[in-house]
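Shown next: structure_16.cif, given as mmCIF, N, CA and C atoms.
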data_run
loop_
_atom_site.label_atom_id
_atom_site.label_comp_id
_atom_site.auth_asym_id
_atom_site.auth_seq_id
_atom_site.Cartn_x
_atom_site.Cartn_y
_atom_site.Cartn_z
N MET A 1 25.28 32.39 -25.19
CA MET A 1 24.34 31.64 -25.99
C MET A 1 23.15 31.25 -25.11
N LEU A 2 21.96 31.25 -25.70
CA LEU A 2 20.73 30.89 -25.00
C LEU A 2 20.10 29.71 -25.70
N GLU A 3 19.79 28.70 -24.93
CA GLU A 3 19.13 27.52 -25.48
C GLU A 3 17.75 27.41 -24.86
N VAL A 4 16.72 27.30 -25.68
CA VAL A 4 15.34 27.16 -25.20
C VAL A 4 14.92 25.72 -25.38
N THR A 5 14.46 25.12 -24.29
CA THR A 5 14.01 23.73 -24.37
C THR A 5 12.59 23.65 -23.83
N LYS A 6 11.87 22.67 -24.30
CA LYS A 6 10.49 22.45 -23.87
C LYS A 6 10.51 21.71 -22.53
N GLN A 7 9.64 22.17 -21.60
CA GLN A 7 9.50 21.49 -20.33
C GLN A 7 8.86 20.14 -20.54
N PRO A 8 9.36 19.10 -19.89
CA PRO A 8 8.70 17.81 -20.02
C PRO A 8 7.32 17.86 -19.37
N GLU A 9 6.37 17.16 -19.98
CA GLU A 9 5.02 17.12 -19.44
C GLU A 9 5.03 16.41 -18.10
N GLU A 10 4.24 16.94 -17.16
CA GLU A 10 4.17 16.36 -15.83
C GLU A 10 3.76 14.89 -15.92
N GLN A 11 4.49 14.05 -15.22
CA GLN A 11 4.17 12.63 -15.18
C GLN A 11 3.24 12.38 -14.00
N ILE A 12 2.04 11.88 -14.28
CA ILE A 12 1.06 11.61 -13.23
C ILE A 12 1.06 10.12 -12.93
N LYS A 13 1.10 9.80 -11.65
CA LYS A 13 0.98 8.40 -11.23
C LYS A 13 -0.45 8.21 -10.75
N TYR A 14 -1.20 7.40 -11.50
CA TYR A 14 -2.61 7.17 -11.20
C TYR A 14 -2.76 6.09 -10.15
N PRO A 15 -3.84 6.11 -9.39
CA PRO A 15 -4.97 7.02 -9.43
C PRO A 15 -4.65 8.34 -8.75
N VAL A 16 -5.39 9.39 -9.16
CA VAL A 16 -5.26 10.72 -8.56
C VAL A 16 -6.65 11.26 -8.26
N GLY A 17 -6.75 12.11 -7.26
CA GLY A 17 -8.01 12.73 -6.91
C GLY A 17 -8.06 14.15 -7.45
N ARG A 18 -9.23 14.54 -7.93
CA ARG A 18 -9.44 15.90 -8.43
C ARG A 18 -10.81 16.38 -7.95
N LYS A 19 -10.87 17.67 -7.60
CA LYS A 19 -12.11 18.29 -7.14
C LYS A 19 -12.47 19.39 -8.11
N SER A 20 -13.71 19.40 -8.57
CA SER A 20 -14.19 20.40 -9.50
C SER A 20 -14.26 21.76 -8.82
N TYR A 21 -13.63 22.75 -9.43
CA TYR A 21 -13.72 24.11 -8.89
C TYR A 21 -15.16 24.62 -8.92
N ARG A 22 -15.91 24.21 -9.94
CA ARG A 22 -17.27 24.73 -10.14
C ARG A 22 -18.30 24.10 -9.21
N THR A 23 -18.27 22.77 -9.08
CA THR A 23 -19.33 22.08 -8.33
C THR A 23 -18.87 21.44 -7.03
N GLY A 24 -17.58 21.27 -6.87
CA GLY A 24 -17.07 20.59 -5.68
C GLY A 24 -17.09 19.08 -5.78
N ALA A 25 -17.53 18.54 -6.92
CA ALA A 25 -17.53 17.09 -7.10
C ALA A 25 -16.09 16.57 -7.06
N VAL A 26 -15.91 15.41 -6.43
CA VAL A 26 -14.58 14.80 -6.33
C VAL A 26 -14.58 13.52 -7.15
N VAL A 27 -13.56 13.39 -7.99
CA VAL A 27 -13.44 12.24 -8.90
C VAL A 27 -12.07 11.61 -8.69
N ILE A 28 -12.03 10.28 -8.62
CA ILE A 28 -10.76 9.55 -8.64
C ILE A 28 -10.51 9.19 -10.09
N PHE A 29 -9.40 9.68 -10.64
CA PHE A 29 -9.03 9.39 -12.02
C PHE A 29 -8.06 8.22 -12.05
N PHE A 30 -8.35 7.26 -12.93
CA PHE A 30 -7.49 6.11 -13.14
C PHE A 30 -6.68 6.23 -14.43
N SER A 31 -7.04 7.23 -15.24
CA SER A 31 -6.27 7.63 -16.42
C SER A 31 -6.64 9.09 -16.65
N GLU A 32 -6.11 9.69 -17.68
CA GLU A 32 -6.34 11.12 -17.91
C GLU A 32 -7.83 11.49 -18.01
N LEU A 33 -8.64 10.61 -18.62
CA LEU A 33 -10.05 10.93 -18.84
C LEU A 33 -11.03 10.02 -18.11
N TYR A 34 -10.56 8.88 -17.58
CA TYR A 34 -11.45 7.92 -16.93
C TYR A 34 -11.41 8.09 -15.41
N GLY A 35 -12.59 8.29 -14.82
CA GLY A 35 -12.65 8.44 -13.37
C GLY A 35 -14.00 8.06 -12.81
N VAL A 36 -14.02 7.94 -11.47
CA VAL A 36 -15.22 7.55 -10.74
C VAL A 36 -15.53 8.62 -9.71
N VAL A 37 -16.80 9.02 -9.64
CA VAL A 37 -17.25 10.04 -8.70
C VAL A 37 -17.26 9.44 -7.29
N ILE A 38 -16.61 10.13 -6.34
CA ILE A 38 -16.66 9.68 -4.94
C ILE A 38 -17.40 10.68 -4.05
N ASP A 39 -17.63 11.88 -4.56
CA ASP A 39 -18.43 12.89 -3.85
C ASP A 39 -19.06 13.78 -4.91
N CYS A 40 -20.36 13.96 -4.84
CA CYS A 40 -21.08 14.72 -5.87
C CYS A 40 -20.97 16.23 -5.71
N GLY A 41 -20.59 16.72 -4.53
CA GLY A 41 -20.58 18.15 -4.32
C GLY A 41 -21.97 18.71 -4.58
N SER A 42 -22.04 19.82 -5.31
CA SER A 42 -23.34 20.41 -5.65
C SER A 42 -23.81 20.01 -7.04
N ASN A 43 -23.17 18.99 -7.64
CA ASN A 43 -23.48 18.57 -9.00
C ASN A 43 -24.61 17.53 -8.98
N ASP A 44 -25.81 17.94 -9.37
CA ASP A 44 -26.95 17.04 -9.42
C ASP A 44 -26.93 16.13 -10.64
N ALA A 45 -26.01 16.37 -11.58
CA ALA A 45 -25.98 15.61 -12.83
C ALA A 45 -25.19 14.31 -12.71
N VAL A 46 -24.50 14.11 -11.57
CA VAL A 46 -23.72 12.88 -11.39
C VAL A 46 -24.14 12.21 -10.09
N GLU A 47 -23.84 10.91 -10.00
CA GLU A 47 -24.14 10.14 -8.79
C GLU A 47 -22.85 9.53 -8.26
N LYS A 48 -22.79 9.36 -6.95
CA LYS A 48 -21.63 8.71 -6.34
C LYS A 48 -21.48 7.31 -6.95
N GLY A 49 -20.27 6.96 -7.34
CA GLY A 49 -20.00 5.67 -7.95
C GLY A 49 -20.09 5.68 -9.46
N GLU A 50 -20.58 6.77 -10.03
CA GLU A 50 -20.70 6.87 -11.50
C GLU A 50 -19.32 6.95 -12.13
N ALA A 51 -19.10 6.16 -13.16
CA ALA A 51 -17.83 6.14 -13.87
C ALA A 51 -18.02 6.74 -15.26
N SER A 52 -16.99 7.40 -15.75
CA SER A 52 -17.04 7.98 -17.09
C SER A 52 -15.64 7.99 -17.69
N SER A 53 -15.58 7.82 -19.00
CA SER A 53 -14.30 7.90 -19.71
C SER A 53 -14.23 9.18 -20.54
N THR A 54 -15.15 10.11 -20.26
CA THR A 54 -15.19 11.34 -21.05
C THR A 54 -15.12 12.60 -20.18
N TRP A 55 -14.52 12.49 -18.98
CA TRP A 55 -14.33 13.66 -18.15
C TRP A 55 -13.40 14.64 -18.86
N THR A 56 -13.48 15.91 -18.48
CA THR A 56 -12.45 16.86 -18.89
C THR A 56 -11.14 16.35 -18.30
N SER A 57 -10.05 16.48 -19.04
CA SER A 57 -8.75 15.96 -18.61
C SER A 57 -8.43 16.34 -17.17
N CYS A 58 -7.96 15.37 -16.41
CA CYS A 58 -7.58 15.63 -15.02
C CYS A 58 -6.35 16.54 -14.95
N LYS A 59 -5.71 16.77 -16.08
CA LYS A 59 -4.55 17.67 -16.14
C LYS A 59 -4.97 19.12 -16.31
N ASN A 60 -6.27 19.37 -16.54
CA ASN A 60 -6.77 20.72 -16.77
C ASN A 60 -6.92 21.45 -15.44
N GLY A 61 -5.96 22.31 -15.12
CA GLY A 61 -5.95 23.03 -13.86
C GLY A 61 -6.98 24.13 -13.75
N GLU A 62 -7.68 24.44 -14.84
CA GLU A 62 -8.75 25.44 -14.77
C GLU A 62 -10.07 24.80 -14.34
N VAL A 63 -10.17 23.48 -14.47
CA VAL A 63 -11.39 22.76 -14.13
C VAL A 63 -11.22 22.01 -12.80
N TRP A 64 -10.05 21.41 -12.61
CA TRP A 64 -9.83 20.52 -11.48
C TRP A 64 -8.76 21.03 -10.52
N GLU A 65 -9.04 20.87 -9.25
CA GLU A 65 -8.08 21.14 -8.19
C GLU A 65 -7.54 19.80 -7.71
N PRO A 66 -6.22 19.62 -7.65
CA PRO A 66 -5.69 18.36 -7.11
C PRO A 66 -6.06 18.21 -5.64
N VAL A 67 -6.47 17.01 -5.26
CA VAL A 67 -6.76 16.71 -3.85
C VAL A 67 -6.07 15.40 -3.47
N ASN A 68 -5.70 15.29 -2.23
CA ASN A 68 -5.08 14.06 -1.75
C ASN A 68 -6.17 13.04 -1.44
N ILE A 69 -5.95 11.82 -1.86
CA ILE A 69 -6.87 10.72 -1.56
C ILE A 69 -6.08 9.56 -1.00
N THR A 70 -6.74 8.77 -0.16
CA THR A 70 -6.14 7.56 0.37
C THR A 70 -7.10 6.42 0.08
N ILE A 71 -6.61 5.42 -0.60
CA ILE A 71 -7.44 4.26 -0.95
C ILE A 71 -7.02 3.12 -0.03
N THR A 72 -7.99 2.59 0.71
CA THR A 72 -7.70 1.48 1.63
C THR A 72 -8.69 0.35 1.37
N GLY A 73 -8.40 -0.78 1.90
CA GLY A 73 -9.36 -1.86 1.84
C GLY A 73 -8.98 -2.91 0.93
#

Rewritten as structure tokens:
Amino acid sequence: MLEVTKQPEEQIKYPVGRKSYRTGAVVIFFSELYGVVIDCGSNDAVEKGEASSTWTSCKNGEVWEPVNITITG
């Protein structure tokens, strides 16, 4: 007998860092869609420190590369 089950969705513990494959911009995400730019890369359309709640989902592996971040202070 074969039983097919759905894989559980990956559980993300926020905040997480993501780097845009296209522009190299680095964003710290505090939820799936809300994040703050910490490095603009080659993206002239955003500024360091800019926050948005309408980013492409940080779970989208075609847009974002996971990066390690360390928050101190």

Next on the checklist: Can you translate the PyMOL selection byres (((chain A and resi 46 and name CA) around 12) and name CA) into the concrete residues it hits in this file, as number ranges by chain?
Outcome noted: A: 23-27, 36-45, 47-52, 55

Checklist entry - Could you pull the residues within 6.5 Å of range 8-19 of chain A, counting only N, CA and C atoms, minus those fewer than 6 positions along the same chain, as a PyMOL selection string? => result chain A and resi 25-31+63-69

Checklist entry - Between CA of Leu33 in chain A and CA of Lys6 in chain A, what is the distance, to one decimal in Å? => result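 CA of Leu33 in chain A sits 24.1 Å away from CA of Lys6 in chain A.
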
Next on the checklist: Residues near Glu32 in chain A, anyone? I mean within 8 Å using all atoms listed in the file, not counting same-chain ones fewer than 4 positions away, as a PyMOL selection string.
Outcome noted: chain A and resi 14+53-59

Item to check | Gap from atom C of Glu62 in chain A to atom N of Tyr21 in chain A - Å, one decimal | outcome: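 Interatomic distance, atom C of Glu62 in chain A to atom N of Tyr21 in chain A: 6.4 Å.
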
Checklist entry - Running DSSP on the backbone, which parts of chain A land in strand (DSSP E or B), as a PyMOL selection string? => result chain A and resi 16-20+26-29+35-39+51-52+64-67

Take the residues from that selection and write them out as a compact mmCIF listing (two decimals), in the frame of the given file, keeping N, CA and C atoms.
# COMPACT_ATOMS: atom_id res chain seq x y z
N VAL A 16 -5.39 9.39 -9.16
CA VAL A 16 -5.26 10.72 -8.56
C VAL A 16 -6.65 11.26 -8.26
N GLY A 17 -6.75 12.11 -7.26
CA GLY A 17 -8.01 12.73 -6.91
C GLY A 17 -8.06 14.15 -7.45
N ARG A 18 -9.23 14.54 -7.93
CA ARG A 18 -9.44 15.90 -8.43
C ARG A 18 -10.81 16.38 -7.95
N LYS A 19 -10.87 17.67 -7.60
CA LYS A 19 -12.11 18.29 -7.14
C LYS A 19 -12.47 19.39 -8.11
N SER A 20 -13.71 19.40 -8.57
CA SER A 20 -14.19 20.40 -9.50
C SER A 20 -14.26 21.76 -8.82
N VAL A 26 -15.91 15.41 -6.43
CA VAL A 26 -14.58 14.80 -6.33
C VAL A 26 -14.58 13.52 -7.15
N VAL A 27 -13.56 13.39 -7.99
CA VAL A 27 -13.44 12.24 -8.90
C VAL A 27 -12.07 11.61 -8.69
N ILE A 28 -12.03 10.28 -8.62
CA ILE A 28 -10.76 9.55 -8.64
C ILE A 28 -10.51 9.19 -10.09
N PHE A 29 -9.40 9.68 -10.64
CA PHE A 29 -9.03 9.39 -12.02
C PHE A 29 -8.06 8.22 -12.05
N GLY A 35 -12.59 8.29 -14.82
CA GLY A 35 -12.65 8.44 -13.37
C GLY A 35 -14.00 8.06 -12.81
N VAL A 36 -14.02 7.94 -11.47
CA VAL A 36 -15.22 7.55 -10.74
C VAL A 36 -15.53 8.62 -9.71
N VAL A 37 -16.80 9.02 -9.64
CA VAL A 37 -17.25 10.04 -8.70
C VAL A 37 -17.26 9.44 -7.29
N ILE A 38 -16.61 10.13 -6.34
CA ILE A 38 -16.66 9.68 -4.94
C ILE A 38 -17.40 10.68 -4.05
N ASP A 39 -17.63 11.88 -4.56
CA ASP A 39 -18.43 12.89 -3.85
C ASP A 39 -19.06 13.78 -4.91
N ALA A 51 -19.10 6.16 -13.16
CA ALA A 51 -17.83 6.14 -13.87
C ALA A 51 -18.02 6.74 -15.26
N SER A 52 -16.99 7.40 -15.75
CA SER A 52 -17.04 7.98 -17.09
C SER A 52 -15.64 7.99 -17.69
N TRP A 64 -10.05 21.41 -12.61
CA TRP A 64 -9.83 20.52 -11.48
C TRP A 64 -8.76 21.03 -10.52
N GLU A 65 -9.04 20.87 -9.25
CA GLU A 65 -8.08 21.14 -8.19
C GLU A 65 -7.54 19.80 -7.71
N PRO A 66 -6.22 19.62 -7.65
CA PRO A 66 -5.69 18.36 -7.11
C PRO A 66 -6.06 18.21 -5.64
N VAL A 67 -6.47 17.01 -5.26
CA VAL A 67 -6.76 16.71 -3.85
C VAL A 67 -6.07 15.40 -3.47

For range 36-60 of chain A, supply N, CA, C and O atoms and report the output as a PDB file, keeping the file's coordinate frame.
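In the end it all went to part31.pdb:
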ATOM      1  N   VAL A  36     -14.020   7.940 -11.470  1.00  0.00           N
ATOM      2  CA  VAL A  36     -15.220   7.550 -10.740  1.00  0.00           C
ATOM      3  C   VAL A  36     -15.530   8.620  -9.710  1.00  0.00           C
ATOM      4  O   VAL A  36     -14.645   9.068  -8.974  1.00  0.00           O
ATOM      5  N   VAL A  37     -16.800   9.020  -9.640  1.00  0.00           N
ATOM      6  CA  VAL A  37     -17.250  10.040  -8.700  1.00  0.00           C
ATOM      7  C   VAL A  37     -17.260   9.440  -7.290  1.00  0.00           C
ATOM      8  O   VAL A  37     -17.837   8.383  -7.061  1.00  0.00           O
ATOM      9  N   ILE A  38     -16.610  10.130  -6.340  1.00  0.00           N
ATOM     10  CA  ILE A  38     -16.660   9.680  -4.940  1.00  0.00           C
ATOM     11  C   ILE A  38     -17.400  10.680  -4.050  1.00  0.00           C
ATOM     12  O   ILE A  38     -17.763  10.354  -2.938  1.00  0.00           O
ATOM     13  N   ASP A  39     -17.630  11.880  -4.560  1.00  0.00           N
ATOM     14  CA  ASP A  39     -18.430  12.890  -3.850  1.00  0.00           C
ATOM     15  C   ASP A  39     -19.060  13.780  -4.910  1.00  0.00           C
ATOM     16  O   ASP A  39     -18.354  14.306  -5.772  1.00  0.00           O
ATOM     17  N   CYS A  40     -20.360  13.960  -4.840  1.00  0.00           N
ATOM     18  CA  CYS A  40     -21.080  14.720  -5.870  1.00  0.00           C
ATOM     19  C   CYS A  40     -20.970  16.230  -5.710  1.00  0.00           C
ATOM     20  O   CYS A  40     -21.257  16.973  -6.648  1.00  0.00           O
ATOM     21  N   GLY A  41     -20.590  16.720  -4.530  1.00  0.00           N
ATOM     22  CA  GLY A  41     -20.580  18.150  -4.320  1.00  0.00           C
ATOM     23  C   GLY A  41     -21.970  18.710  -4.580  1.00  0.00           C
ATOM     24  O   GLY A  41     -22.963  18.132  -4.172  1.00  0.00           O
ATOM     25  N   SER A  42     -22.040  19.820  -5.310  1.00  0.00           N
ATOM     26  CA  SER A  42     -23.340  20.410  -5.650  1.00  0.00           C
ATOM     27  C   SER A  42     -23.810  20.010  -7.040  1.00  0.00           C
ATOM     28  O   SER A  42     -24.736  20.600  -7.578  1.00  0.00           O
ATOM     29  N   ASN A  43     -23.170  18.990  -7.640  1.00  0.00           N
ATOM     30  CA  ASN A  43     -23.480  18.570  -9.000  1.00  0.00           C
ATOM     31  C   ASN A  43     -24.610  17.530  -8.980  1.00  0.00           C
ATOM     32  O   ASN A  43     -24.393  16.372  -8.622  1.00  0.00           O
ATOM     33  N   ASP A  44     -25.810  17.940  -9.370  1.00  0.00           N
ATOM     34  CA  ASP A  44     -26.950  17.040  -9.420  1.00  0.00           C
ATOM     35  C   ASP A  44     -26.930  16.130 -10.640  1.00  0.00           C
ATOM     36  O   ASP A  44     -27.740  15.207 -10.740  1.00  0.00           O
ATOM     37  N   ALA A  45     -26.010  16.370 -11.580  1.00  0.00           N
ATOM     38  CA  ALA A  45     -25.980  15.610 -12.830  1.00  0.00           C
ATOM     39  C   ALA A  45     -25.190  14.310 -12.710  1.00  0.00           C
ATOM     40  O   ALA A  45     -25.196  13.505 -13.627  1.00  0.00           O
ATOM     41  N   VAL A  46     -24.500  14.110 -11.570  1.00  0.00           N
ATOM     42  CA  VAL A  46     -23.720  12.880 -11.390  1.00  0.00           C
ATOM     43  C   VAL A  46     -24.140  12.210 -10.090  1.00  0.00           C
ATOM     44  O   VAL A  46     -24.699  12.834  -9.201  1.00  0.00           O
ATOM     45  N   GLU A  47     -23.840  10.910 -10.000  1.00  0.00           N
ATOM     46  CA  GLU A  47     -24.140  10.140  -8.790  1.00  0.00           C
ATOM     47  C   GLU A  47     -22.850   9.530  -8.260  1.00  0.00           C
ATOM     48  O   GLU A  47     -21.943   9.195  -9.040  1.00  0.00           O
ATOM     49  N   LYS A  48     -22.790   9.360  -6.950  1.00  0.00           N
ATOM     50  CA  LYS A  48     -21.630   8.710  -6.340  1.00  0.00           C
ATOM     51  C   LYS A  48     -21.480   7.310  -6.950  1.00  0.00           C
ATOM     52  O   LYS A  48     -22.457   6.585  -7.109  1.00  0.00           O
ATOM     53  N   GLY A  49     -20.270   6.960  -7.340  1.00  0.00           N
ATOM     54  CA  GLY A  49     -20.000   5.670  -7.950  1.00  0.00           C
ATOM     55  C   GLY A  49     -20.090   5.680  -9.460  1.00  0.00           C
ATOM     56  O   GLY A  49     -19.700   4.711 -10.127  1.00  0.00           O
ATOM     57  N   GLU A  50     -20.580   6.770 -10.030  1.00  0.00           N
ATOM     58  CA  GLU A  50     -20.700   6.870 -11.500  1.00  0.00           C
ATOM     59  C   GLU A  50     -19.320   6.950 -12.130  1.00  0.00           C
ATOM     60  O   GLU A  50     -18.457   7.720 -11.696  1.00  0.00           O
ATOM     61  N   ALA A  51     -19.100   6.160 -13.160  1.00  0.00           N
ATOM     62  CA  ALA A  51     -17.830   6.140 -13.870  1.00  0.00           C
ATOM     63  C   ALA A  51     -18.020   6.740 -15.260  1.00  0.00           C
ATOM     64  O   ALA A  51     -19.084   6.589 -15.863  1.00  0.00           O
ATOM     65  N   SER A  52     -16.990   7.400 -15.750  1.00  0.00           N
ATOM     66  CA  SER A  52     -17.040   7.980 -17.090  1.00  0.00           C
ATOM     67  C   SER A  52     -15.640   7.990 -17.690  1.00  0.00           C
ATOM     68  O   SER A  52     -14.654   8.144 -16.978  1.00  0.00           O
ATOM     69  N   SER A  53     -15.580   7.820 -19.000  1.00  0.00           N
ATOM     70  CA  SER A  53     -14.300   7.900 -19.710  1.00  0.00           C
ATOM     71  C   SER A  53     -14.230   9.180 -20.540  1.00  0.00           C
ATOM     72  O   SER A  53     -13.358   9.305 -21.388  1.00  0.00           O
ATOM     73  N   THR A  54     -15.150  10.110 -20.260  1.00  0.00           N
ATOM     74  CA  THR A  54     -15.190  11.340 -21.050  1.00  0.00           C
ATOM     75  C   THR A  54     -15.120  12.600 -20.180  1.00  0.00           C
ATOM     76  O   THR A  54     -15.601  13.656 -20.564  1.00  0.00           O
ATOM     77  N   TRP A  55     -14.520  12.490 -18.980  1.00  0.00           N
ATOM     78  CA  TRP A  55     -14.330  13.660 -18.150  1.00  0.00           C
ATOM     79  C   TRP A  55     -13.400  14.640 -18.860  1.00  0.00           C
ATOM     80  O   TRP A  55     -12.586  14.244 -19.691  1.00  0.00           O
ATOM     81  N   THR A  56     -13.480  15.910 -18.480  1.00  0.00           N
ATOM     82  CA  THR A  56     -12.450  16.860 -18.890  1.00  0.00           C
ATOM     83  C   THR A  56     -11.140  16.350 -18.300  1.00  0.00           C
ATOM     84  O   THR A  56     -11.109  15.847 -17.185  1.00  0.00           O
ATOM     85  N   SER A  57     -10.050  16.480 -19.040  1.00  0.00           N
ATOM     86  CA  SER A  57      -8.750  15.960 -18.610  1.00  0.00           C
ATOM     87  C   SER A  57      -8.430  16.340 -17.170  1.00  0.00           C
ATOM     88  O   SER A  57      -8.587  17.495 -16.770  1.00  0.00           O
ATOM     89  N   CYS A  58      -7.960  15.370 -16.410  1.00  0.00           N
ATOM     90  CA  CYS A  58      -7.580  15.630 -15.020  1.00  0.00           C
ATOM     91  C   CYS A  58      -6.350  16.540 -14.950  1.00  0.00           C
ATOM     92  O   CYS A  58      -6.013  17.048 -13.885  1.00  0.00           O
ATOM     93  N   LYS A  59      -5.710  16.770 -16.080  1.00  0.00           N
ATOM     94  CA  LYS A  59      -4.550  17.670 -16.140  1.00  0.00           C
ATOM     95  C   LYS A  59      -4.970  19.120 -16.310  1.00  0.00           C
ATOM     96  O   LYS A  59      -4.131  20.016 -16.228  1.00  0.00           O
ATOM     97  N   ASN A  60      -6.270  19.370 -16.540  1.00  0.00           N
ATOM     98  CA  ASN A  60      -6.770  20.720 -16.770  1.00  0.00           C
ATOM     99  C   ASN A  60      -6.920  21.450 -15.440  1.00  0.00           C
ATOM    100  O   ASN A  60      -7.897  21.260 -14.709  1.00  0.00           O
TER     101      ASN A  60
END
